[in-house]
Amino acid sequence: MHTLETFLAQHPFFAGMAPHQLQWLAACASNVRFEAGTYLFHEGDAANHFYAIRQGQVALEIVAPGFEPITIETLEQGDILGWSWLVPPYTKQFDARAVDHVVALAFDAACFRAKCEQDPALGYELLKRFARLIGQRLQATRLQLLDVYGTRP
Amino acid sequence: MARALKGPSARRAAVSLRDPMAPRLFRVRRLRWETADVATFDLEPSGRPHPCGFAPGQFNMLYVFGVGEVPISISGDPGAPMQFVHTVHQVSVVTSALCRLSRGTTLGVRGPFGVGWPMAEAQGQDLVLVAGGIGLAPLRSVLCELVRHRERYGRIALLYGTRSPEDLLYRQELERWRGRVDLEVHVTVDRAAPEWRGHVGVVTTLVRRVAMDPAKTLAMVCGPEVMMRFALQELQKHGLPPGRIFLSMERNMHCGIGLCGHCQYGPIFVCRDGPVVRADRLAAWFGKREV
């Protein structure tokens, strides 16, 4: 039987964590589904959840008044969506739209933060993993700013 | 049984360049716009038809008479050798003049020059092709060759990134390649409107989507140098050593035969020792501001 702990153990983001830690984390998780075109969250929403995408594609969008929304990144199966839950004031920075049918694990942010406070070793482990994720996203954003496809005759 | 030659000498077309500085006359047979500022030309010999042999990854010097000469990668199918195909991005006086040429116009061609992609080494290997922007052009020849002799290669993945969906090259071919079950094609753009249903993010973020066995994978990377630098880092992060990564370099090529020195890059002349170079040869020079 596939339990949430099994899924977490196989997920690259959580791989290598101790079984009791995975059990704790699974207790904060629930399965969610989003139909194509619906929004997982909007900019400014309270960051009450983050997601591990199991199926489908999510587009992170930014909206400026008078302009069409611009997709700045897409996340897919195996990706983690959301880190605003980790840093005050715990508000979402972008809109997240399901491009197609999305199946994900939603993690309760308050539950996660409470467990991290109770168990600093777990908290530090998660912080390291999220720091790596944030670093990767920052680097990708820098490359987008660099306009790496510039000119080549 | 004859043993396939490997290494740079095997990656030059077996074309005798009796006078490499003298342009041969070619005619524009067909021109098609890929995007608002990128056009693809089919060039045929002016006069009696003759084969235009080349190795995937080589380049020609295209001469617009009265304007100037510019190095452009050959992007055609090696299996259709009666013409040269070049995809040109309008970024300079000469490339803009090239893009104003019409069907039937004569221009000068010198080449093919340089060392191409390691097609012999690639046989039996899994291949990851990473292309950024106009960098798909020199890899198109490779893809044509791979598709024609599909049975000779392991898994093949193309990772292709551009600024926006409007900047995608070879759209029909991309769709054909995506439709094949024996090719893995990932396309990404830097930004897109909501109608775009593909991936958004820089091309380097696609590397982790490909399952790679570093011991039997070769990577071929082509695009602006900054993109190749980060692609190289990402491929190495996934276990691929620089000795299994090939880059198509771009420098100020003039003579095409390593005489003038304009295209020197560290220990190599890009026109003669490249444009395709194994990454470990350049590891010490990559990203150096002074080079």
# chains A, B, ... in the order shown; residues from 1 in each chain; ligands from 1
call {"tool": "interface_residues", "arguments": {"of": "chain A", "to": "chain B", "cutoff": "9 Å", "atoms": "only C-alpha atoms", "output": "PyMOL selection string"}}
result
chain A and resi 57+59-61+68-76+99-100+136+140-141+143-144+146-153
call {"tool": "residues_around", "arguments": {"residues": "segment 35-41 of chain A", "least_positions_apart": "3", "cutoff": "6 Å", "atoms": "only C-alpha atoms", "output": "JSON, numbers by chain"}}
result
{"A": [95, 96, 97, 98, 99, 100, 101]}
call {"tool": "atom_distance", "arguments": {"atom1": "atom CA of Phe84 of chain B", "atom2": "atom CA of Arg27 of chain B"}}
result
10.2 Å
call {"tool": "closest_residue", "arguments": {"among": "B:Glu173, B:Glu34, B:Asp213, B:Glu44", "to": "Val109 of chain B", "atoms": "only C-alpha atoms"}}
result
B:Glu44
call {"tool": "select_by_dssp", "arguments": {"residues": "segment 134-291 of chain B", "states": "strand (DSSP E)", "output": "PyMOL selection string"}}
result
chain B and resi 156-162+184-189+199-200+217-222+245-248+264-265+268-269+276-278
call {"tool": "write_last_selection", "arguments": {"atoms": "C-alpha atoms", "output": "PDB file, in the first residue's frame"}}
result
ATOM      1  CA  ILE B 156      17.907  11.031 -26.993  1.00  0.00           C
ATOM      2  CA  ALA B 157      16.679  14.127 -25.169  1.00  0.00           C
ATOM      3  CA  LEU B 158      16.450  17.632 -26.599  1.00  0.00           C
ATOM      4  CA  LEU B 159      16.217  20.480 -24.082  1.00  0.00           C
ATOM      5  CA  TYR B 160      15.418  23.731 -25.828  1.00  0.00           C
ATOM      6  CA  GLY B 161      14.888  27.164 -24.320  1.00  0.00           C
ATOM      7  CA  THR B 162      13.983  30.534 -25.807  1.00  0.00           C
ATOM      8  CA  GLU B 184      12.330  13.142 -25.505  1.00  0.00           C
ATOM      9  CA  VAL B 185      11.728  16.808 -26.279  1.00  0.00           C
ATOM     10  CA  HIS B 186      11.426  19.447 -23.567  1.00  0.00           C
ATOM     11  CA  VAL B 187      10.793  23.047 -24.553  1.00  0.00           C
ATOM     12  CA  THR B 188      10.846  25.979 -22.181  1.00  0.00           C
ATOM     13  CA  VAL B 189      10.493  29.746 -22.458  1.00  0.00           C
ATOM     14  CA  HIS B 199       7.240  24.802 -19.480  1.00  0.00           C
ATOM     15  CA  VAL B 200       8.376  28.218 -18.220  1.00  0.00           C
ATOM     16  CA  THR B 217      25.644   9.855 -21.789  1.00  0.00           C
ATOM     17  CA  LEU B 218      27.104  12.551 -24.021  1.00  0.00           C
ATOM     18  CA  ALA B 219      25.821  16.115 -23.947  1.00  0.00           C
ATOM     19  CA  MET B 220      25.927  18.587 -26.822  1.00  0.00           C
ATOM     20  CA  VAL B 221      25.305  22.186 -25.831  1.00  0.00           C
ATOM     21  CA  CYS B 222      24.801  25.201 -28.053  1.00  0.00           C
ATOM     22  CA  ILE B 245      30.109  17.475 -22.646  1.00  0.00           C
ATOM     23  CA  PHE B 246      30.630  19.214 -26.014  1.00  0.00           C
ATOM     24  CA  LEU B 247      30.057  22.914 -26.575  1.00  0.00           C
ATOM     25  CA  SER B 248      29.678  24.866 -29.796  1.00  0.00           C
ATOM     26  CA  GLN B 264      41.563  32.732 -30.326  1.00  0.00           C
ATOM     27  CA  TYR B 265      40.002  31.487 -27.114  1.00  0.00           C
ATOM     28  CA  ILE B 268      42.381  27.177 -29.287  1.00  0.00           C
ATOM     29  CA  PHE B 269      41.375  28.930 -32.459  1.00  0.00           C
ATOM     30  CA  VAL B 276      32.606  22.252 -31.269  1.00  0.00           C
ATOM     31  CA  VAL B 277      34.981  21.733 -28.370  1.00  0.00           C
ATOM     32  CA  ARG B 278      34.975  19.227 -25.543  1.00  0.00           C
TER      33      ARG B 278
END
call {"tool": "residues_around", "arguments": {"residues": "Trp24 of chain A", "least_positions_apart": "4", "cutoff": "12 Å", "atoms": "only C-alpha atoms", "output": "list of chain:residue names"}}
result
A:Leu4, A:Glu5, A:Leu8, A:Met17, A:Ala18, A:Pro19, A:His20, A:Cys28, A:Ala29, A:Phe107, A:Asp108, A:Cys111, A:Phe112, A:Arg113, A:Ala114, A:Lys115, A:Cys116, A:Gln118, A:Asp119, A:Leu122, A:Gly123
call {"tool": "write_last_selection", "arguments": {"atoms": "C-alpha atoms", "output": "PDB file, in the first residue's frame"}}
result
ATOM      1  CA  LEU A   4       2.008   9.247   2.492  1.00  0.00           C
ATOM      2  CA  GLU A   5       5.262   8.278   4.244  1.00  0.00           C
ATOM      3  CA  LEU A   8       7.523  11.304   0.919  1.00  0.00           C
ATOM      4  CA  MET A  17      14.999  11.949   5.959  1.00  0.00           C
ATOM      5  CA  ALA A  18      14.562   9.643   8.962  1.00  0.00           C
ATOM      6  CA  PRO A  19      11.381   7.495   9.028  1.00  0.00           C
ATOM      7  CA  HIS A  20      10.115   9.137  12.217  1.00  0.00           C
ATOM      8  CA  CYS A  28       0.634  17.481   8.334  1.00  0.00           C
ATOM      9  CA  ALA A  29      -0.168  16.444   4.738  1.00  0.00           C
ATOM     10  CA  PHE A 107       1.204  20.513   3.745  1.00  0.00           C
ATOM     11  CA  ASP A 108      -0.345  22.493   6.561  1.00  0.00           C
ATOM     12  CA  CYS A 111       1.414  22.248  11.635  1.00  0.00           C
ATOM     13  CA  PHE A 112       4.855  22.239   9.960  1.00  0.00           C
ATOM     14  CA  ARG A 113       6.076  25.297  11.822  1.00  0.00           C
ATOM     15  CA  ALA A 114       4.881  23.871  15.132  1.00  0.00           C
ATOM     16  CA  LYS A 115       6.717  20.579  14.510  1.00  0.00           C
ATOM     17  CA  CYS A 116       9.871  22.445  13.546  1.00  0.00           C
ATOM     18  CA  GLN A 118       9.232  21.253  18.785  1.00  0.00           C
ATOM     19  CA  ASP A 119      12.007  19.351  17.026  1.00  0.00           C
ATOM     20  CA  LEU A 122      13.760  18.361  11.991  1.00  0.00           C
ATOM     21  CA  GLY A 123      13.429  22.124  11.641  1.00  0.00           C
TER      22      GLY A 123
END
call {"tool": "closest_residue", "arguments": {"among": "B:Gln83, B:Ser96, B:Gln58, B:Ser164", "to": "Phe113 of chain B", "atoms": "only C-alpha atoms"}}
result
B:Gln58
call {"tool": "atom_distance", "arguments": {"atom1": "atom CA of Met61 of chain B", "atom2": "atom CA of Met21 of chain B"}}
result
9.7 Å
call {"tool": "residues_around", "arguments": {"residues": "Gly57 of chain B", "least_positions_apart": "2", "cutoff": "12 Å", "atoms": "only C-alpha atoms", "output": "number ranges by chain"}}
result
B: 8, 11-13, 54-55, 59-60, 72-78, 86, 112-119, 135-143, 145, 220-222, 246-250, 271, 274-277
call {"tool": "write_last_selection", "arguments": {"atoms": "N, CA and C atoms", "output": "compact mmCIF listing (two decimals), in the first residue's frame"}}
result
# COMPACT_ATOMS: atom_id res chain seq x y z
N PRO B 8 38.56 14.97 -33.31
CA PRO B 8 38.30 16.11 -34.18
C PRO B 8 38.54 15.84 -35.66
N ARG B 11 35.68 14.72 -37.45
CA ARG B 11 34.50 15.57 -37.42
C ARG B 11 34.59 16.72 -38.41
N ARG B 12 35.51 16.63 -39.34
CA ARG B 12 35.58 17.61 -40.41
C ARG B 12 34.99 16.97 -41.66
N ALA B 13 34.28 17.73 -42.44
CA ALA B 13 33.72 17.18 -43.68
C ALA B 13 34.85 16.85 -44.63
N PHE B 54 29.15 18.38 -45.58
CA PHE B 54 29.54 19.04 -44.33
C PHE B 54 29.33 18.06 -43.18
N ALA B 55 29.97 18.34 -42.08
CA ALA B 55 29.74 17.55 -40.87
C ALA B 55 28.86 18.38 -39.94
N PHE B 59 30.66 25.27 -39.84
CA PHE B 59 30.07 26.56 -40.23
C PHE B 59 30.62 27.01 -41.57
N ASN B 60 29.92 27.91 -42.20
CA ASN B 60 30.38 28.56 -43.43
C ASN B 60 30.56 30.05 -43.17
N ILE B 72 28.39 31.57 -40.10
CA ILE B 72 27.05 31.07 -39.73
C ILE B 72 27.10 29.53 -39.73
N SER B 73 26.59 28.95 -38.66
CA SER B 73 26.55 27.49 -38.55
C SER B 73 25.67 26.90 -39.64
N ILE B 74 26.01 25.69 -40.05
CA ILE B 74 25.18 24.99 -41.03
C ILE B 74 24.09 24.26 -40.25
N SER B 75 22.84 24.49 -40.64
CA SER B 75 21.75 23.89 -39.88
C SER B 75 20.96 22.88 -40.71
N GLY B 76 21.50 22.52 -41.86
CA GLY B 76 20.76 21.63 -42.75
C GLY B 76 20.90 20.16 -42.40
N ASP B 77 20.20 19.38 -43.18
CA ASP B 77 20.19 17.93 -43.00
C ASP B 77 21.38 17.35 -43.78
N PRO B 78 22.32 16.68 -43.10
CA PRO B 78 23.46 16.11 -43.82
C PRO B 78 23.02 15.09 -44.88
N HIS B 86 21.14 27.53 -43.78
CA HIS B 86 21.66 28.39 -42.70
C HIS B 86 20.51 29.14 -42.05
N PRO B 112 32.79 24.33 -45.91
CA PRO B 112 32.59 24.38 -44.46
C PRO B 112 33.92 24.35 -43.70
N PHE B 113 33.89 25.01 -42.53
CA PHE B 113 35.07 25.09 -41.70
C PHE B 113 34.81 24.44 -40.33
N GLY B 114 35.90 24.09 -39.71
CA GLY B 114 35.87 23.73 -38.29
C GLY B 114 35.55 22.28 -37.99
N VAL B 115 35.53 22.02 -36.69
CA VAL B 115 35.27 20.68 -36.17
C VAL B 115 33.82 20.62 -35.70
N GLY B 116 33.12 19.58 -36.10
CA GLY B 116 31.70 19.46 -35.77
C GLY B 116 31.44 18.65 -34.51
N TRP B 117 30.21 18.22 -34.39
CA TRP B 117 29.77 17.45 -33.22
C TRP B 117 30.34 16.03 -33.27
N PRO B 118 30.51 15.39 -32.13
CA PRO B 118 31.16 14.06 -32.09
C PRO B 118 30.18 12.94 -32.47
N MET B 119 29.82 12.88 -33.74
CA MET B 119 28.79 11.92 -34.15
C MET B 119 29.28 10.47 -34.02
N GLY B 135 20.80 28.85 -30.82
CA GLY B 135 21.69 27.69 -30.66
C GLY B 135 21.06 26.38 -31.12
N LEU B 136 19.77 26.38 -31.39
CA LEU B 136 19.17 25.15 -31.92
C LEU B 136 19.63 24.90 -33.36
N ALA B 137 20.04 25.98 -34.05
CA ALA B 137 20.39 25.84 -35.48
C ALA B 137 21.52 24.82 -35.70
N PRO B 138 22.65 24.93 -35.01
CA PRO B 138 23.71 23.93 -35.26
C PRO B 138 23.35 22.53 -34.77
N LEU B 139 22.37 22.45 -33.88
CA LEU B 139 21.95 21.12 -33.40
C LEU B 139 20.88 20.51 -34.29
N ARG B 140 20.29 21.31 -35.17
CA ARG B 140 19.28 20.76 -36.08
C ARG B 140 19.91 19.70 -36.97
N SER B 141 21.12 19.97 -37.45
CA SER B 141 21.81 18.98 -38.30
C SER B 141 22.01 17.68 -37.54
N VAL B 142 22.35 17.80 -36.27
CA VAL B 142 22.56 16.60 -35.44
C VAL B 142 21.25 15.82 -35.33
N LEU B 143 20.17 16.55 -35.05
CA LEU B 143 18.88 15.87 -34.88
C LEU B 143 18.45 15.17 -36.16
N GLU B 145 20.37 13.90 -38.35
CA GLU B 145 21.23 12.71 -38.46
C GLU B 145 20.78 11.64 -37.46
N MET B 220 25.53 17.60 -25.81
CA MET B 220 25.93 18.59 -26.82
C MET B 220 25.16 19.87 -26.50
N VAL B 221 25.91 20.95 -26.32
CA VAL B 221 25.30 22.19 -25.83
C VAL B 221 25.60 23.31 -26.81
N CYS B 222 24.59 24.08 -27.15
CA CYS B 222 24.80 25.20 -28.05
C CYS B 222 23.86 26.35 -27.72
N PHE B 246 30.08 18.50 -24.85
CA PHE B 246 30.63 19.21 -26.01
C PHE B 246 29.87 20.53 -26.19
N LEU B 247 30.64 21.58 -26.45
CA LEU B 247 30.06 22.91 -26.58
C LEU B 247 30.36 23.47 -27.96
N SER B 248 29.41 24.18 -28.53
CA SER B 248 29.68 24.87 -29.80
C SER B 248 30.00 26.31 -29.46
N MET B 249 31.27 26.68 -29.65
CA MET B 249 31.72 28.01 -29.24
C MET B 249 31.50 29.04 -30.34
N GLU B 250 31.42 30.28 -29.91
CA GLU B 250 31.21 31.38 -30.84
C GLU B 250 32.27 32.43 -30.55
N CYS B 271 37.78 28.78 -34.94
CA CYS B 271 37.41 28.44 -36.33
C CYS B 271 38.05 27.13 -36.78
N GLY B 274 37.57 24.38 -33.22
CA GLY B 274 36.15 24.30 -32.88
C GLY B 274 35.39 24.38 -34.18
N PRO B 275 34.16 24.87 -34.21
CA PRO B 275 33.49 25.49 -33.07
C PRO B 275 33.10 24.51 -31.98
N VAL B 276 33.01 23.20 -32.31
CA VAL B 276 32.61 22.25 -31.27
C VAL B 276 33.85 21.82 -30.50
N VAL B 277 33.83 22.02 -29.22
CA VAL B 277 34.98 21.73 -28.37
C VAL B 277 34.51 20.95 -27.15
call {"tool": "closest_residue", "arguments": {"among": "A:Phe14, A:Phe50, A:Trp85, A:Phe7", "to": "Arg129 of chain A", "atoms": "only C-alpha atoms"}}
result
A:Phe14
call {"tool": "atom_distance", "arguments": {"atom1": "atom CA of Pro81 of chain B", "atom2": "atom CA of Ser46 of chain B"}}
result
14.8 Å
call {"tool": "select_by_dssp", "arguments": {"residues": "segment 62-128 of chain A", "states": "helix (DSSP H, G or I)", "output": "MDAnalysis selection string"}}
result
chainID A and resid 84:86 109:118 120:128
call {"tool": "decode", "arguments": {"residues": "segment 83-151 of chain A", "atoms": "C-alpha atoms", "output": "PDB file, in the first residue's frame"}}
result
ATOM      1  CA  TRP A  83       8.222  28.577   0.519  1.00  0.00           C
ATOM      2  CA  SER A  84       6.483  31.722   1.802  1.00  0.00           C
ATOM      3  CA  TRP A  85       5.076  29.654   4.671  1.00  0.00           C
ATOM      4  CA  LEU A  86       8.609  29.596   6.128  1.00  0.00           C
ATOM      5  CA  VAL A  87       9.267  33.328   6.328  1.00  0.00           C
ATOM      6  CA  PRO A  88       7.134  36.025   7.996  1.00  0.00           C
ATOM      7  CA  PRO A  89       4.757  37.584   7.108  1.00  0.00           C
ATOM      8  CA  TYR A  90       3.752  34.207   5.571  1.00  0.00           C
ATOM      9  CA  THR A  91       2.030  35.618   2.484  1.00  0.00           C
ATOM     10  CA  LYS A  92       2.069  34.270  -1.076  1.00  0.00           C
ATOM     11  CA  GLN A  93       4.178  36.185  -3.614  1.00  0.00           C
ATOM     12  CA  PHE A  94       2.531  35.029  -6.874  1.00  0.00           C
ATOM     13  CA  ASP A  95      -0.634  33.565  -8.293  1.00  0.00           C
ATOM     14  CA  ALA A  96      -0.465  29.799  -8.846  1.00  0.00           C
ATOM     15  CA  ARG A  97      -2.736  28.420 -11.589  1.00  0.00           C
ATOM     16  CA  ALA A  98      -3.359  24.774 -12.417  1.00  0.00           C
ATOM     17  CA  VAL A  99      -2.496  24.502 -16.136  1.00  0.00           C
ATOM     18  CA  ASP A 100      -4.085  21.075 -16.259  1.00  0.00           C
ATOM     19  CA  HIS A 101      -5.546  18.684 -13.711  1.00  0.00           C
ATOM     20  CA  VAL A 102      -3.202  18.886 -10.720  1.00  0.00           C
ATOM     21  CA  VAL A 103      -2.834  16.316  -7.963  1.00  0.00           C
ATOM     22  CA  ALA A 104      -0.669  17.343  -5.039  1.00  0.00           C
ATOM     23  CA  LEU A 105       0.097  16.842  -1.403  1.00  0.00           C
ATOM     24  CA  ALA A 106      -0.793  19.960   0.578  1.00  0.00           C
ATOM     25  CA  PHE A 107       1.204  20.513   3.745  1.00  0.00           C
ATOM     26  CA  ASP A 108      -0.345  22.493   6.561  1.00  0.00           C
ATOM     27  CA  ALA A 109       2.096  25.333   7.241  1.00  0.00           C
ATOM     28  CA  ALA A 110       1.061  25.964  10.863  1.00  0.00           C
ATOM     29  CA  CYS A 111       1.414  22.248  11.635  1.00  0.00           C
ATOM     30  CA  PHE A 112       4.855  22.239   9.960  1.00  0.00           C
ATOM     31  CA  ARG A 113       6.076  25.297  11.822  1.00  0.00           C
ATOM     32  CA  ALA A 114       4.881  23.871  15.132  1.00  0.00           C
ATOM     33  CA  LYS A 115       6.717  20.579  14.510  1.00  0.00           C
ATOM     34  CA  CYS A 116       9.871  22.445  13.546  1.00  0.00           C
ATOM     35  CA  GLU A 117       9.715  24.451  16.774  1.00  0.00           C
ATOM     36  CA  GLN A 118       9.232  21.253  18.785  1.00  0.00           C
ATOM     37  CA  ASP A 119      12.007  19.351  17.026  1.00  0.00           C
ATOM     38  CA  PRO A 120      14.913  21.672  16.071  1.00  0.00           C
ATOM     39  CA  ALA A 121      16.748  18.830  14.302  1.00  0.00           C
ATOM     40  CA  LEU A 122      13.760  18.361  11.991  1.00  0.00           C
ATOM     41  CA  GLY A 123      13.429  22.124  11.641  1.00  0.00           C
ATOM     42  CA  TYR A 124      17.095  22.506  10.650  1.00  0.00           C
ATOM     43  CA  GLU A 125      16.881  19.622   8.193  1.00  0.00           C
ATOM     44  CA  LEU A 126      13.871  21.189   6.497  1.00  0.00           C
ATOM     45  CA  LEU A 127      15.465  24.608   6.539  1.00  0.00           C
ATOM     46  CA  LYS A 128      18.527  23.248   4.708  1.00  0.00           C
ATOM     47  CA  ARG A 129      16.323  21.657   2.077  1.00  0.00           C
ATOM     48  CA  PHE A 130      14.211  24.758   1.590  1.00  0.00           C
ATOM     49  CA  ALA A 131      17.343  26.956   1.500  1.00  0.00           C
ATOM     50  CA  ARG A 132      18.629  24.809  -1.388  1.00  0.00           C
ATOM     51  CA  LEU A 133      15.272  25.116  -3.148  1.00  0.00           C
ATOM     52  CA  ILE A 134      15.166  28.887  -2.649  1.00  0.00           C
ATOM     53  CA  GLY A 135      18.753  29.118  -3.924  1.00  0.00           C
ATOM     54  CA  GLN A 136      17.850  27.169  -7.070  1.00  0.00           C
ATOM     55  CA  ARG A 137      14.829  29.384  -7.723  1.00  0.00           C
ATOM     56  CA  LEU A 138      16.909  32.518  -7.140  1.00  0.00           C
ATOM     57  CA  GLN A 139      19.577  31.305  -9.551  1.00  0.00           C
ATOM     58  CA  ALA A 140      16.945  30.474 -12.175  1.00  0.00           C
ATOM     59  CA  THR A 141      15.443  33.948 -11.773  1.00  0.00           C
ATOM     60  CA  ARG A 142      18.888  35.529 -12.199  1.00  0.00           C
ATOM     61  CA  LEU A 143      19.371  33.599 -15.419  1.00  0.00           C
ATOM     62  CA  GLN A 144      15.993  34.809 -16.657  1.00  0.00           C
ATOM     63  CA  LEU A 145      17.084  38.372 -15.856  1.00  0.00           C
ATOM     64  CA  LEU A 146      20.356  37.772 -17.712  1.00  0.00           C
ATOM     65  CA  ASP A 147      18.360  37.022 -20.847  1.00  0.00           C
ATOM     66  CA  VAL A 148      20.681  34.112 -21.571  1.00  0.00           C
ATOM     67  CA  TYR A 149      19.351  33.564 -25.083  1.00  0.00           C
ATOM     68  CA  GLY A 150      20.632  37.023 -26.143  1.00  0.00           C
ATOM     69  CA  THR A 151      22.479  37.334 -29.414  1.00  0.00           C
TER      70      THR A 151
END
